[in-house]
>>> print(open('entry28.cif').read())   # mmCIF, C-alpha atoms
data_structure
loop_
_atom_site.group_PDB
_atom_site.id
_atom_site.type_symbol
_atom_site.label_atom_id
_atom_site.label_comp_id
_atom_site.auth_asym_id
_atom_site.auth_seq_id
_atom_site.Cartn_x
_atom_site.Cartn_y
_atom_site.Cartn_z
ATOM 1 C CA MET A 220 0.000 0.000 0.000
ATOM 2 C CA VAL A 221 2.776 2.438 0.909
ATOM 3 C CA SER A 222 4.077 2.340 -2.647
ATOM 4 C CA LYS A 223 0.825 4.008 -3.739
ATOM 5 C CA PRO A 224 1.281 7.783 -3.636
ATOM 6 C CA ASN A 225 -2.057 8.492 -1.932
ATOM 7 C CA TYR A 226 -1.188 6.102 0.913
ATOM 8 C CA TYR A 227 2.361 7.396 1.089
ATOM 9 C CA ALA A 228 1.120 10.994 1.301
ATOM 10 C CA SER A 229 -1.476 10.111 3.955
ATOM 11 C CA ILE A 230 1.214 8.532 6.111
ATOM 12 C CA MET A 231 3.521 11.518 5.607
ATOM 13 C CA LEU A 232 0.711 13.737 6.877
ATOM 14 C CA LYS A 233 -0.127 11.397 9.755
ATOM 15 C CA VAL A 234 3.445 11.229 11.080
ATOM 16 C CA GLY A 235 4.126 14.936 10.565
ATOM 17 C CA ASP A 236 6.528 14.662 7.628
ATOM 18 C CA ALA A 237 4.233 17.002 5.696
ATOM 19 C CA HIS A 238 1.817 19.697 6.834
ATOM 20 C CA GLY A 239 -0.631 19.511 3.940
ATOM 21 C CA GLY A 240 -1.319 17.518 0.797
ATOM 22 C CA VAL A 241 -2.794 17.938 -2.657
ATOM 23 C CA SER A 242 -4.134 15.061 -4.735
ATOM 24 C CA GLY A 243 -6.556 14.475 -7.560
ATOM 25 C CA SER A 244 -5.069 15.810 -10.793
ATOM 26 C CA LEU A 245 -4.436 12.191 -11.812
ATOM 27 C CA SER A 246 -5.969 10.285 -8.881
ATOM 28 C CA SER A 247 -9.679 9.619 -8.496
ATOM 29 C CA THR A 248 -11.502 10.965 -5.459
ATOM 30 C CA GLN A 249 -11.987 7.394 -4.231
ATOM 31 C CA ALA A 250 -8.268 6.653 -4.535
ATOM 32 C CA MET A 251 -7.539 9.730 -2.451
ATOM 33 C CA MET A 252 -10.324 9.436 0.129
ATOM 34 C CA ARG A 253 -9.826 5.779 1.032
ATOM 35 C CA PRO A 254 -6.276 6.181 2.411
ATOM 36 C CA LEU A 255 -7.207 9.498 3.984
ATOM 37 C CA ILE A 256 -10.043 7.825 5.894
ATOM 38 C CA GLN A 257 -8.038 4.686 6.712
ATOM 39 C CA VAL A 258 -4.860 6.438 7.782
ATOM 40 C CA MET A 259 -6.134 9.666 9.332
ATOM 41 C CA GLY A 260 -9.915 10.073 9.289
ATOM 42 C CA THR A 261 -10.996 12.995 11.436
ATOM 43 C CA GLY A 262 -8.863 11.931 14.375
ATOM 44 C CA ASP A 263 -12.142 11.097 16.152
ATOM 45 C CA PRO A 264 -14.144 8.024 15.067
ATOM 46 C CA LYS A 265 -17.407 9.755 15.950
ATOM 47 C CA ARG A 266 -16.825 12.623 13.537
ATOM 48 C CA TYR A 267 -17.170 12.825 9.761
ATOM 49 C CA LEU A 268 -15.152 14.166 6.854
ATOM 50 C CA SER A 269 -16.921 16.270 4.259
ATOM 51 C CA GLY A 270 -16.071 18.377 1.240
ATOM 52 C CA ALA A 271 -16.436 22.054 0.435
ATOM 53 C CA ALA A 272 -15.991 24.235 -2.599
ATOM 54 C CA ILE A 273 -15.464 27.963 -2.885
ATOM 55 C CA GLU A 274 -16.978 29.816 -5.803
ATOM 56 C CA ILE A 275 -16.345 33.430 -6.713
ATOM 57 C CA ILE A 276 -19.085 34.907 -8.852
ATOM 58 C CA PRO A 277 -17.819 37.930 -10.764
ATOM 59 C CA GLU A 278 -19.779 41.162 -10.236
ATOM 60 C CA SER A 279 -22.141 39.507 -7.753
ATOM 61 C CA PRO A 280 -23.384 41.722 -4.917
ATOM 62 C CA TYR A 281 -24.251 38.670 -2.815
ATOM 63 C CA GLY A 282 -22.268 36.650 -0.307
ATOM 64 C CA LEU A 283 -18.847 38.020 0.508
ATOM 65 C CA ASP A 284 -18.347 40.149 -2.623
ATOM 66 C CA GLY A 285 -19.576 37.195 -4.664
ATOM 67 C CA GLN A 286 -17.685 34.607 -2.631
ATOM 68 C CA PHE A 287 -19.506 31.543 -1.294
ATOM 69 C CA LEU A 288 -18.585 28.286 0.370
ATOM 70 C CA PHE A 289 -20.752 25.273 -0.549
ATOM 71 C CA ALA A 290 -20.912 22.016 1.438
ATOM 72 C CA ASP A 291 -20.958 19.032 1.426
ATOM 73 C CA THR A 292 -19.662 18.740 -2.138
ATOM 74 C CA ALA A 293 -17.914 15.403 -1.979
ATOM 75 C CA VAL A 294 -18.457 12.863 0.753
ATOM 76 C CA ILE A 295 -21.838 12.169 2.418
ATOM 77 C CA PRO A 296 -24.764 11.461 0.045
ATOM 78 C CA ASP A 297 -27.584 11.938 2.558
ATOM 79 C CA PRO A 298 -26.249 13.218 5.884
ATOM 80 C CA ASP A 299 -27.987 12.354 9.143
ATOM 81 C CA GLU A 300 -28.187 14.833 12.009
ATOM 82 C CA THR A 301 -24.737 14.055 13.408
ATOM 83 C CA GLN A 302 -23.107 14.134 9.992
ATOM 84 C CA MET A 303 -24.819 17.397 9.083
ATOM 85 C CA THR A 304 -23.676 18.964 12.344
ATOM 86 C CA ASP A 305 -20.091 18.063 11.458
ATOM 87 C CA ILE A 306 -20.545 19.460 7.947
ATOM 88 C CA VAL A 307 -21.576 22.785 9.502
ATOM 89 C CA LEU A 308 -18.813 22.888 12.116
ATOM 90 C CA PHE A 309 -16.066 21.950 9.665
ATOM 91 C CA SER A 310 -17.431 24.334 7.018
ATOM 92 C CA TYR A 311 -17.179 27.122 9.570
ATOM 93 C CA GLN A 312 -13.506 26.231 10.130
ATOM 94 C CA THR A 313 -12.873 26.154 6.389
ATOM 95 C CA ALA A 314 -14.568 29.516 5.885
ATOM 96 C CA LYS A 315 -12.556 31.012 8.742
ATOM 97 C CA ALA A 316 -9.376 29.802 7.066
ATOM 98 C CA LEU A 317 -10.278 31.068 3.611
ATOM 99 C CA PHE A 318 -12.573 34.083 4.023
ATOM 100 C CA LYS A 319 -11.462 37.640 4.580
ATOM 101 C CA GLY A 320 -14.798 38.297 6.301
ATOM 102 C CA GLU A 321 -17.108 36.631 8.780
ATOM 103 C CA PRO A 322 -18.730 33.294 7.859
ATOM 104 C CA LYS A 323 -22.543 33.450 7.838
ATOM 105 C CA ILE A 324 -24.064 30.016 7.501
ATOM 106 C CA ALA A 325 -27.421 29.278 5.887
ATOM 107 C CA MET A 326 -29.010 25.842 6.140
ATOM 108 C CA LEU A 327 -30.728 25.545 2.789
ATOM 109 C CA SER A 328 -34.073 23.914 2.125
ATOM 110 C CA TYR A 329 -37.190 24.143 -0.019
ATOM 111 C CA SER A 330 -38.790 25.853 2.982
ATOM 112 C CA THR A 331 -38.189 29.149 4.775
ATOM 113 C CA LYS A 332 -38.833 29.173 8.520
ATOM 114 C CA GLY A 333 -41.651 26.706 8.571
ATOM 115 C CA SER A 334 -43.285 27.563 5.243
ATOM 116 C CA ALA A 335 -43.323 23.799 4.646
ATOM 117 C CA LYS A 336 -43.122 20.716 6.840
ATOM 118 C CA GLY A 337 -40.909 17.672 6.536
ATOM 119 C CA GLU A 338 -38.470 15.358 8.312
ATOM 120 C CA LYS A 339 -35.433 16.965 6.619
ATOM 121 C CA ILE A 340 -36.619 20.391 7.770
ATOM 122 C CA ASP A 341 -36.954 19.112 11.331
ATOM 123 C CA GLN A 342 -33.455 17.645 11.046
ATOM 124 C CA ILE A 343 -32.049 20.974 9.845
ATOM 125 C CA ASN A 344 -33.566 22.770 12.822
ATOM 126 C CA ARG A 345 -32.161 20.204 15.253
ATOM 127 C CA VAL A 346 -28.735 20.700 13.671
ATOM 128 C CA ILE A 347 -28.977 24.487 14.057
ATOM 129 C CA LYS A 348 -29.868 24.074 17.737
ATOM 130 C CA LYS A 349 -26.966 21.681 18.275
ATOM 131 C CA VAL A 350 -24.456 23.928 16.474
ATOM 132 C CA ARG A 351 -25.535 26.915 18.587
ATOM 133 C CA GLU A 352 -25.021 24.852 21.730
ATOM 134 C CA ILE A 353 -21.586 23.611 20.642
ATOM 135 C CA GLU A 354 -20.301 26.888 19.201
ATOM 136 C CA PRO A 355 -22.484 29.885 20.129
ATOM 137 C CA ARG A 356 -20.320 32.370 18.203
ATOM 138 C CA ILE A 357 -21.227 30.776 14.858
ATOM 139 C CA LYS A 358 -23.729 32.842 12.878
ATOM 140 C CA ILE A 359 -26.182 30.307 11.496
ATOM 141 C CA ASP A 360 -29.820 30.386 10.415
ATOM 142 C CA GLY A 361 -32.354 28.165 8.693
ATOM 143 C CA GLU A 362 -34.151 26.549 7.311
ATOM 144 C CA LEU A 363 -33.950 28.986 4.416
ATOM 145 C CA GLN A 364 -34.672 28.843 0.712
ATOM 146 C CA PHE A 365 -31.725 29.880 -1.431
ATOM 147 C CA ASP A 366 -33.133 33.322 -2.256
ATOM 148 C CA ALA A 367 -34.035 34.095 1.365
ATOM 149 C CA ALA A 368 -30.520 33.067 2.374
ATOM 150 C CA VAL A 369 -28.675 35.179 -0.162
ATOM 151 C CA VAL A 370 -30.836 38.110 -1.314
ATOM 152 C CA PRO A 371 -31.538 40.752 1.388
ATOM 153 C CA GLU A 372 -34.784 41.946 -0.213
ATOM 154 C CA VAL A 373 -36.186 38.414 -0.340
ATOM 155 C CA ALA A 374 -35.258 37.763 3.275
ATOM 156 C CA ILE A 375 -37.153 40.921 4.245
ATOM 157 C CA ALA A 376 -40.103 40.041 2.014
ATOM 158 C CA LYS A 377 -40.310 36.610 3.651
ATOM 159 C CA GLY A 378 -40.179 38.169 7.086
ATOM 160 C CA VAL A 379 -36.869 36.668 8.140
ATOM 161 C CA ASP A 380 -34.896 38.983 10.385
ATOM 162 C CA SER A 381 -31.470 37.606 11.319
ATOM 163 C CA GLU A 382 -27.748 38.255 10.946
ATOM 164 C CA VAL A 383 -27.606 35.567 8.267
ATOM 165 C CA ALA A 384 -30.748 35.686 6.130
ATOM 166 C CA GLY A 385 -30.081 37.658 2.960
ATOM 167 C CA GLN A 386 -26.367 37.817 3.805
ATOM 168 C CA ALA A 387 -25.275 34.179 3.850
ATOM 169 C CA ASN A 388 -21.872 33.269 2.428
ATOM 170 C CA VAL A 389 -21.663 29.640 3.626
ATOM 171 C CA LEU A 390 -24.360 27.466 2.081
ATOM 172 C CA ILE A 391 -25.093 24.072 3.622
ATOM 173 C CA PHE A 392 -27.263 21.850 1.430
ATOM 174 C CA PRO A 393 -29.526 19.044 2.647
ATOM 175 C CA ASN A 394 -27.740 16.400 0.590
ATOM 176 C CA LEU A 395 -24.948 15.757 -1.890
ATOM 177 C CA ASP A 396 -27.273 15.747 -4.909
ATOM 178 C CA ALA A 397 -28.381 19.309 -4.225
ATOM 179 C CA THR A 398 -24.855 20.577 -3.555
ATOM 180 C CA ASN A 399 -23.343 18.947 -6.602
ATOM 181 C CA ILE A 400 -26.076 20.215 -8.929
ATOM 182 C CA CYS A 401 -25.837 23.733 -7.519
ATOM 183 C CA ILE A 402 -22.049 24.109 -7.672
ATOM 184 C CA LYS A 403 -21.970 22.964 -11.269
ATOM 185 C CA ALA A 404 -24.936 25.139 -12.246
ATOM 186 C CA VAL A 405 -23.383 28.216 -10.648
ATOM 187 C CA HIS A 406 -20.002 27.500 -12.219
ATOM 188 C CA ARG A 407 -21.385 26.989 -15.734
ATOM 189 C CA LEU A 408 -24.211 29.549 -15.771
ATOM 190 C CA ALA A 409 -22.606 32.345 -13.778
ATOM 191 C CA GLY A 410 -19.028 31.815 -14.987
ATOM 192 C CA SER A 411 -17.695 31.537 -11.463
ATOM 193 C CA PHE A 412 -14.164 30.787 -10.344
ATOM 194 C CA TYR A 413 -14.259 27.365 -8.714
ATOM 195 C CA TYR A 414 -11.987 25.974 -5.979
ATOM 196 C CA GLY A 415 -12.528 22.450 -4.708
ATOM 197 C CA SER A 416 -12.856 19.927 -3.335
ATOM 198 C CA ILE A 417 -11.532 21.165 -0.045
ATOM 199 C CA ILE A 418 -11.692 18.219 2.338
ATOM 200 C CA GLN A 419 -12.924 19.220 5.784
ATOM 201 C CA GLY A 420 -12.492 17.496 9.123
ATOM 202 C CA SER A 421 -9.127 15.899 8.541
ATOM 203 C CA PRO A 422 -6.617 16.766 11.283
ATOM 204 C CA VAL A 423 -4.177 17.695 8.518
ATOM 205 C CA PRO A 424 -5.351 19.369 5.292
ATOM 206 C CA PHE A 425 -5.414 17.012 2.304
ATOM 207 C CA ASN A 426 -7.350 18.274 -0.699
ATOM 208 C CA ASP A 427 -8.733 16.771 -3.858
ATOM 209 C CA LEU A 428 -8.544 18.380 -7.293
ATOM 210 C CA SER A 429 -10.613 17.437 -10.302
ATOM 211 C CA ARG A 430 -8.818 15.291 -12.878
ATOM 212 C CA GLY A 431 -9.720 17.905 -15.467
ATOM 213 C CA CYS A 432 -8.013 20.670 -13.516
ATOM 214 C CA ALA A 433 -5.717 23.288 -15.002
ATOM 215 C CA PRO A 434 -2.281 24.057 -13.515
ATOM 216 C CA VAL A 435 -3.678 27.231 -11.949
ATOM 217 C CA GLU A 436 -6.089 25.080 -9.939
ATOM 218 C CA VAL A 437 -3.185 23.031 -8.599
ATOM 219 C CA LEU A 438 -1.539 26.317 -7.677
ATOM 220 C CA SER A 439 -4.611 27.783 -5.956
ATOM 221 C CA MET A 440 -5.259 24.521 -4.112
ATOM 222 C CA SER A 441 -1.683 24.624 -2.849
ATOM 223 C CA ALA A 442 -2.318 28.065 -1.382
ATOM 224 C CA ILE A 443 -5.693 26.979 0.036
ATOM 225 C CA THR A 444 -4.052 23.976 1.698
ATOM 226 C CA LEU A 445 -1.440 26.206 3.274
ATOM 227 C CA MET A 446 -4.144 28.631 4.473
ATOM 228 C CA GLN A 447 -5.876 25.696 6.190
ATOM 229 C CA VAL A 448 -2.597 24.696 7.830
ATOM 230 C CA LYS A 449 -2.180 28.264 9.067
ATOM 231 C CA GLU A 450 -5.724 28.402 10.475
ATOM 232 C CA MET A 451 -5.217 25.095 12.306
ATOM 233 C CA GLU A 452 -1.965 26.346 13.810
ATOM 234 C CA ASN A 453 -3.654 29.510 15.006
ATOM 235 C CA ASN A 454 -6.398 27.588 16.813
ATOM 236 C CA MET B 257 2.339 24.841 -22.212
ATOM 237 C CA ASP B 258 -0.475 26.387 -20.154
ATOM 238 C CA LYS B 259 0.294 29.904 -18.980
ATOM 239 C CA ILE B 260 -0.861 30.689 -15.465
ATOM 240 C CA THR B 261 -2.573 33.965 -14.634
ATOM 241 C CA PHE B 262 -2.441 34.245 -10.879
ATOM 242 C CA PRO B 263 -3.795 36.023 -8.928
ATOM 243 C CA ALA B 264 -6.828 36.515 -11.162
ATOM 244 C CA ASN B 265 -9.311 37.789 -8.582
ATOM 245 C CA LYS B 266 -9.549 39.207 -5.036
ATOM 246 C CA PHE B 267 -9.711 35.759 -3.468
ATOM 247 C CA GLU B 268 -6.525 34.677 -5.184
ATOM 248 C CA GLN B 269 -4.910 37.959 -4.142
ATOM 249 C CA PHE B 270 -5.945 37.133 -0.574
ATOM 250 C CA MET B 271 -4.386 33.674 -0.987
ATOM 251 C CA VAL B 272 -1.072 35.251 -1.975
ATOM 252 C CA GLU B 273 -1.192 37.656 0.979
ATOM 253 C CA SER B 274 -2.112 34.857 3.371
ATOM 254 C CA VAL B 275 0.691 32.474 2.458
ATOM 255 C CA LYS B 276 3.397 35.063 1.898
ATOM 256 C CA ASN B 277 6.069 34.651 4.582
ATOM 257 C CA TYR B 278 4.408 31.484 5.889
ATOM 258 C CA ASP B 279 7.253 29.433 4.634
ATOM 259 C CA ASP B 280 8.545 26.734 6.932
ATOM 260 C CA LYS B 281 5.989 24.096 5.910
ATOM 261 C CA THR B 282 6.000 21.007 3.729
ATOM 262 C CA LEU B 283 3.333 20.259 1.125
ATOM 263 C CA VAL B 284 3.112 16.845 -0.508
ATOM 264 C CA TYR B 285 1.741 16.347 -4.035
ATOM 265 C CA VAL B 286 0.344 12.904 -4.740
ATOM 266 C CA ASP B 287 0.352 13.371 -8.498
ATOM 267 C CA GLY B 288 3.859 14.767 -8.623
ATOM 268 C CA ASP B 289 4.628 13.306 -12.032
ATOM 269 C CA ASP B 290 1.751 15.222 -13.611
ATOM 270 C CA ILE B 291 3.164 18.117 -15.652
ATOM 271 C CA ARG B 292 0.382 20.340 -14.224
ATOM 272 C CA THR B 293 1.831 19.818 -10.760
ATOM 273 C CA ALA B 294 5.261 20.902 -11.991
ATOM 274 C CA ILE B 295 3.825 23.995 -13.693
ATOM 275 C CA ALA B 296 1.946 24.930 -10.504
ATOM 276 C CA ALA B 297 5.035 24.290 -8.372
ATOM 277 C CA ALA B 298 7.057 26.634 -10.579
ATOM 278 C CA GLU B 299 4.605 29.418 -9.776
ATOM 279 C CA PHE B 300 4.148 28.501 -6.116
ATOM 280 C CA VAL B 301 7.864 28.842 -5.332
ATOM 281 C CA LYS B 302 7.595 32.475 -6.450
ATOM 282 C CA ILE B 303 5.148 33.289 -3.642
ATOM 283 C CA ASN B 304 6.125 30.893 -0.865
ATOM 284 C CA SER B 305 9.304 29.089 0.210
ATOM 285 C CA SER B 306 7.766 25.994 1.757
ATOM 286 C CA LYS B 307 9.168 22.612 0.746
ATOM 287 C CA LEU B 308 7.200 20.896 -2.015
ATOM 288 C CA VAL B 309 7.457 17.106 -2.110
ATOM 289 C CA LEU B 310 6.477 15.667 -5.488
ATOM 290 C CA LEU B 311 5.574 11.981 -5.350
ATOM 291 C CA GLY B 312 5.883 9.795 -8.420
ATOM 292 C CA ASN B 313 8.311 8.455 -10.967
ATOM 293 C CA LYS B 314 11.614 10.260 -10.436
ATOM 294 C CA LYS B 315 12.633 10.332 -14.096
ATOM 295 C CA THR B 316 9.244 11.665 -15.213
ATOM 296 C CA ILE B 317 9.275 14.396 -12.585
ATOM 297 C CA GLU B 318 12.846 15.394 -13.400
ATOM 298 C CA ASP B 319 11.990 15.582 -17.101
ATOM 299 C CA ASN B 320 8.934 17.731 -16.307
ATOM 300 C CA LEU B 321 10.985 20.111 -14.157
ATOM 301 C CA ILE B 322 13.604 20.456 -16.896
ATOM 302 C CA GLN B 323 10.889 21.046 -19.489
ATOM 303 C CA ILE B 324 9.447 23.968 -17.536
ATOM 304 C CA GLY B 325 12.841 25.237 -16.375
ATOM 305 C CA LEU B 326 12.242 24.794 -12.668
ATOM 306 C CA ASP B 327 15.365 24.343 -10.566
ATOM 307 C CA SER B 328 14.570 25.034 -6.922
ATOM 308 C CA ASP B 329 16.024 23.824 -3.640
ATOM 309 C CA ASN B 330 12.486 23.791 -2.299
ATOM 310 C CA ILE B 331 11.459 20.877 -4.526
ATOM 311 C CA GLU B 332 12.014 17.314 -3.349
ATOM 312 C CA ILE B 333 11.228 14.292 -5.505
ATOM 313 C CA VAL B 334 10.173 11.093 -3.773
ATOM 314 C CA GLU B 335 9.436 7.805 -5.489
ATOM 315 C CA PRO B 336 7.457 6.018 -2.763
ATOM 316 C CA SER B 337 8.598 2.457 -3.542
ATOM 317 C CA LYS B 338 12.254 3.545 -3.463
ATOM 318 C CA SER B 339 11.981 5.959 -0.564
ATOM 319 C CA ASP B 340 14.288 5.736 2.460
ATOM 320 C CA LYS B 341 11.164 5.852 4.594
ATOM 321 C CA PHE B 342 9.327 3.046 2.789
ATOM 322 C CA ASP B 343 9.909 0.477 5.553
ATOM 323 C CA TYR B 344 9.213 2.980 8.316
ATOM 324 C CA TYR B 345 5.884 3.899 6.705
ATOM 325 C CA GLN B 346 4.797 0.231 6.295
#
>>> encode(input="entry28.cif", output="structure tokens")
Amino acid sequence: MVSKPNYYASIMLKVGDAHGGVSGSLSSTQAMMRPLIQVMGTGDPKRYLSGAAIEIIPESPYGLDGQFLFADTAVIPDPDETQMTDIVLFSYQTAKALFKGEPKIAMLSYSTKGSAKGEKIDQINRVIKKVREIEPRIKIDGELQFDAAVVPEVAIAKGVDSEVAGQANVLIFPNLDATNICIKAVHRLAGSFYYGSIIQGSPVPFNDLSRGCAPVEVLSMSAITLMQVKEMENN
Amino acid sequence: MDKITFPANKFEQFMVESVKNYDDKTLVYVDGDDIRTAIAAAEFVKINSSKLVLLGNKKTIEDNLIQIGLDSDNIEIVEPSKSDKFDYYQ
């Protein structure tokens, strides 16, 4: 196994011979994730890895000057309450590492503040409660439809008054289908800059590029990985 | 060869500012024998002096580095199966 570069890199990271890793320009996500999970995981068997992507939408007035973090983009198809809580907490860490401004987290849904009923909506609200208990300083709100989360006028029109609604820059989706569809739609239709997948929850940053990536994406992911290392050192 | 335009936006500018002078680290690249990794490494060493470990076939990586004209003390090539640490990592 050690002769395989993804295993070798995971062990380097585990034993401290490297501070961060970049994979994926030739390796599949599965080939990268399996050793990461086997060798390092989250460092806590009760916690879960997830993936995030940053998109920068040129000329957009929304988010953080058009900057958004999307999660989970890569790992958990249909997260349960515990998994979704970890997605939120690790996304907050990622946003803190990579944003110049304050992360504001919206839990996205087809419903805004009880406009519809459903088990997933109940789950989202339990997650919000749990996150506020674990980390009260996190600015989080939900459940919110995409427009109520991102567009201030819509948030007002829907009667949602919070520090997040209409101003969200971290978007947590109910499942992997929704996240994956959205990140690709935004990238293709809005011509965004795309950075991902940023793997969250690993004790040492180890990120996964797309096999179709350009050299500039390898370069930006190198910088992102180092920014994550820096954030971890500072906390 | 692909030409890199970086930074191309405010976020990338922020990346450069964030990692500038944060140098004493080691980054490992799984796909070190991919020419895209070498091209990116050539640009990364201009903004940060961390050590970059490129994993893969030594000859391929060396050829890639020559092709793009990268000669940096910050680059280390490691072929996992022939590494000094292979047994230790088992």
>>> interface_residues(input="entry28.cif", of="chain A", to="chain B", cutoff="10 Å", atoms="all atoms listed in the file", output="JSON, numbers by chain")
{"A": [220, 221, 222, 223, 224, 225, 226, 227, 228, 229, 230, 231, 232, 234, 235, 236, 237, 238, 239, 240, 241, 242, 243, 244, 245, 246, 251, 273, 274, 275, 277, 284, 286, 316, 317, 318, 319, 412, 424, 425, 426, 427, 432, 433, 434, 435, 436, 437, 438, 439, 440, 441, 442, 443, 444, 445, 446, 448, 449]}
>>> atom_distance(input="entry28.cif", atom1="CA of Ala409 in chain A", atom2="CA of Asp366 in chain A")
15.6 Å
>>> atom_distance(input="entry28.cif", atom1="CA of Phe289 in chain A", atom2="CA of Val389 in chain A")
6.1 Å
>>> atom_distance(input="entry28.cif", atom1="CA of Tyr281 in chain A", atom2="CA of Asn388 in chain A")
7.9 Å
>>> residues_around(input="entry28.cif", residues="Lys403 in chain A", least_positions_apart="4", cutoff="12 Å", atoms="only C-alpha atoms", output="ChimeraX atom specification")
/A:272-274,289,292,396-399,407-415
>>> resolve_selection(input="entry28.cif", expression="the PyMOL selection byres ((chain A and resi 393) around 10)", output="MDAnalysis selection string")
chainID A and resid 290:291 296:299 303 326:329 339:340 342:343 362 390:392 394:398
>>> closest_residue(input="entry28.cif", among="A:Lys349, A:Lys332, A:Lys233, A:Arg430", to="Val307 in chain A", atoms="all atoms listed in the file")
A:Lys349
>>> axis_aligned_box(input="entry28.cif", around="range 292-302 of chain B", padding_each_side="4 Å", output="JSON")
{"center_x": 4.1, "center_y": 26.1, "center_z": -9.8, "size_x": 15.5, "size_y": 20.7, "size_z": 16.9}
